[in-house]
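Notes follow once the structure below has been shown.
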Amino acid sequence: MPRPQPAEFAIHPALAPPLPRDGRPAVVTVGTFDGVHRGHWEVLQEIRRRAEAVGGRSILVTFHPHPLRVVRPEHAPPLLTTLAEKREILAESGLEYVVYIPFTRTLQHYPARRFVHEILIGRIGMRELVIGYDHGFGRDREGSVQTLREIGTEAGFAVDVVDAFHSSGEAISSSRIRRLLGEGHAAAAGQLLGRPYSVSGVVVRGEQKGRELGFPTANIQVADPEKMLPREGVYAARGWVRGQRIPGLLHLGPRPTFPGFAPTIELYLMDWSGDLYGEQVRVEVVERIRDIRPFPSVESLIEAMREDERAGRGMLGLPPR
């Protein structure tokens, strides 16, 4: 039986009313949760378990845009999950509420104590705070575990810390996943996420080169410029098209065999044909096949694409054609 989706609520520090109360204690976690990876999932499931144990409400408080986009935009990381993607993933979390707080210059200067008292207690009614081991929020990330426990003792709420969730001897983190994607290790990144990394966009018209070569591709225009793209290359992939998940190949980057053509994000769907112009497509990036390289002739490029398809079918668990 599917879990009920969490109710979404937006709170602006200066304008919005508080979260509706029903007398049950609020068990809360706070963070950006970019990627909603397996480590994040442990925190989310911990607040859900704790809320159920005390007859309370499980509430995630998260921010948009990413705080570094406001605080230090030159150091802001590319997003693993856009706002729409994060909402879709969190719909499966089993939480009761997800509260989205616009991160602004005003909020940036909130000391941790003010944020806790005005937002978490005043607007949300928090009675218990669950955080990750490396958590920090408030001005200059002064809301460390120690500071929050001190505030909790003063204000009467409990603070619980979830230990790091490890894979291959290293803590799972958004920065680790970004590093893997930047190196082209899509399969390893997917293991840490708990699902394949995905990229979404609208299919637009290209130069029809793939069709001429016998590999018709959908040229995808990613809407959010903050979304992270994996390292350039050819990948085994799956495309979600009209509610179906279809195996394919993904080309990310330049096309050096055809000088003057712009870099592209192109999806070739195996064993499928149809017109997708103007449609929204999500691509699951499964595993990297090879670097992008120039070929001496169109014929050698076609042979390489045939080999890419053979390799991709193997990676996706499909029989040879």
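Ligands are numbered from 1 in the order shown, chains are lettered A, B, ... in the order of the structure tokens, and residues start at 1 in each chain.
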(message) Show me, as number ranges by chain, the residues that have an atom within 10 Å of Arg57 in chain A when counting only C-alpha atoms, minus same-chain residues fewer than 5 positions from it.
(response) A: 21-28, 47-48, 50-52, 95-97, 126-127
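Neighbouring residues of Arg38 in chain A at 7 Å or closer, counting only C-alpha atoms and skipping chain neighbours under 2 positions away, are A:Val36, A:His40, A:Trp41, A:Glu42, A:Leu192, A:Leu193, A:Gly194.
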Output file for the residues above (N, CA and C atoms, as a compact mmCIF listing (two decimals), in the first residue's frame):
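Below you can see result.txt, which holds the result:
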```txt
# COMPACT_ATOMS: atom_id res chain seq x y z
N VAL A 36 18.64 14.26 -1.76
CA VAL A 36 17.85 13.32 -0.94
C VAL A 36 18.46 11.92 -1.06
N HIS A 40 20.53 11.14 3.76
CA HIS A 40 19.36 11.96 4.06
C HIS A 40 18.16 11.09 4.42
N TRP A 41 18.01 10.02 3.67
CA TRP A 41 16.85 9.14 3.88
C TRP A 41 16.84 8.55 5.29
N GLU A 42 18.04 8.25 5.82
CA GLU A 42 18.12 7.74 7.19
C GLU A 42 17.58 8.77 8.18
N LEU A 192 24.90 5.60 -4.06
CA LEU A 192 24.82 6.47 -2.89
C LEU A 192 23.48 7.20 -2.82
N LEU A 193 22.91 7.51 -3.97
CA LEU A 193 21.60 8.15 -3.99
C LEU A 193 20.48 7.18 -3.61
N GLY A 194 20.70 5.91 -3.93
CA GLY A 194 19.63 4.93 -3.75
C GLY A 194 18.73 4.83 -4.96
```
Quick one: residues within 6 Å of range 263-272 of chain A, only C-alpha atoms counted, chain neighbours fewer than 2 positions away excluded, as a compact mmCIF listing (two decimals) with C-alpha atoms, in the first residue's frame?
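Result went into around_27.txt, see below:
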```txt
# COMPACT_ATOMS: atom_id res chain seq x y z
CA THR A 217 17.97 10.92 -30.85
CA ALA A 218 15.87 13.23 -28.70
CA ASN A 219 17.71 16.49 -28.02
CA ILE A 220 16.95 17.48 -24.45
CA PRO A 247 16.36 1.69 -22.32
CA GLY A 248 18.70 3.89 -24.26
CA LEU A 249 22.02 5.68 -24.68
CA LEU A 250 22.81 9.21 -23.55
CA HIS A 251 25.33 11.51 -25.24
CA LEU A 252 26.52 14.39 -23.06
CA GLY A 253 28.84 16.96 -24.59
CA PRO A 254 30.43 17.96 -27.91
```
(request) May I ask for the distance between CA of Phe33 in chain A and CA of Val203 in chain A, given in Å to one decimal place? (result)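 CA of Val203 in chain A lies 28.4 Å from CA of Phe33 in chain A.
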(request) Mind listing the strand (DSSP E or B) residues of range 96-270 of chain A, per DSSP on the backbone, as a PyMOL selection string? (result) chain A and resi 97-102+126-132+158-162+166-167+170-171+197-204+217-221+227+233-241+244-253+264-269
(message) What's around Glu88 in chain A at 12 Å? Count only C-alpha atoms, leave out sequence neighbours fewer than 2 positions away in its own chain, and write the answer as a PyMOL selection string.
(response) chain A and resi 5-6+8+35-36+81-86+90-93+98
(message) Taking only range 76-174 of chain A into account, list the residues labelled alpha helix (DSSP H) by DSSP (computed from the backbone), as a list in words.
(response)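 Secondary structure check on range 76-174 of chain A, alpha helix (DSSP H): Leu83, Ala84, Glu85, Lys86, Arg87, Glu88, Ile89, Leu90, Arg105, Thr106, Leu107, Gln108, Ala112, Arg113, Arg114, Val145, Gln146, Thr147, Leu148, Arg149, Glu150, Ile151, Gly152, Thr153, Glu154, Ala155 and Ser174 of chain A.
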(request) Give the answer as one residue: which of A:Ala223, A:Leu229, A:Ile131, A:Val202 has the shortest atom-to-atom distance to Pro78 in chain A, using only C-alpha atoms? (result)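 The shortest atom-to-atom distance to Pro78 in chain A comes from A:Leu229.
The protein and nucleic acid residues lying at most 6 Å from Ile172 in chain A are Gly39, Phe165 and His166 of chain A, with only C-alpha atoms considered and sequence neighbours fewer than 2 positions away removed.
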(request) Using only C-alpha atoms, pick whichever of A:Gly55, A:Pro230, A:Asp308, A:Gly125 has the shortest atom-to-atom distance to Gly182 in chain A. (result)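 For Gly182 in chain A, the nearest of the candidates is A:Pro230.
Between Ile119 in chain A and the candidates A:Val199, A:Ala158, A:Val145, A:Leu19, the tightest atom-to-atom separation, counting only C-alpha atoms, involves A:Leu19.
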(message) Using only C-alpha atoms for the distances, tell me which of A:Val204, A:Ile292, A:Leu79, A:Leu316 is nearest to Leu276 in chain A.
(response)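 Answer, going by the shortest atom-to-atom distance: A:Val204.
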(request) Give the answer as one residue: which of A:Arg205, A:Arg176, A:His37, A:Arg282 has the shortest atom-to-atom distance to Val241 in chain A, using only C-alpha atoms? (result)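 Residue with the minimum atom-to-atom distance to Val241 in chain A: A:Arg282.
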(message) Can you measure CA of Gly184 in chain A to CA of Met315 in chain A for me? One decimal in Å is fine.
(response) 15.2 Å
(request) Name the residues in contact with Ser175 in chain A at a cut-off of 10 Å, using only C-alpha atoms, excluding same-chain residues fewer than 3 positions from it; report them as a list in words. (result)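 Surrounding residues, per the criterion: Asp34, Gly35, Pro77, Pro78, Leu80, Ile172, Arg178, Arg179, Leu180 and Leu181 of chain A.
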(request) Using only C-alpha atoms, find the one residue out of A:His117, A:Arg123, A:Arg231, A:Arg306 that sits nearest to His185 in chain A. (result)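 Under the stated criterion, the closest residue is A:Arg231.
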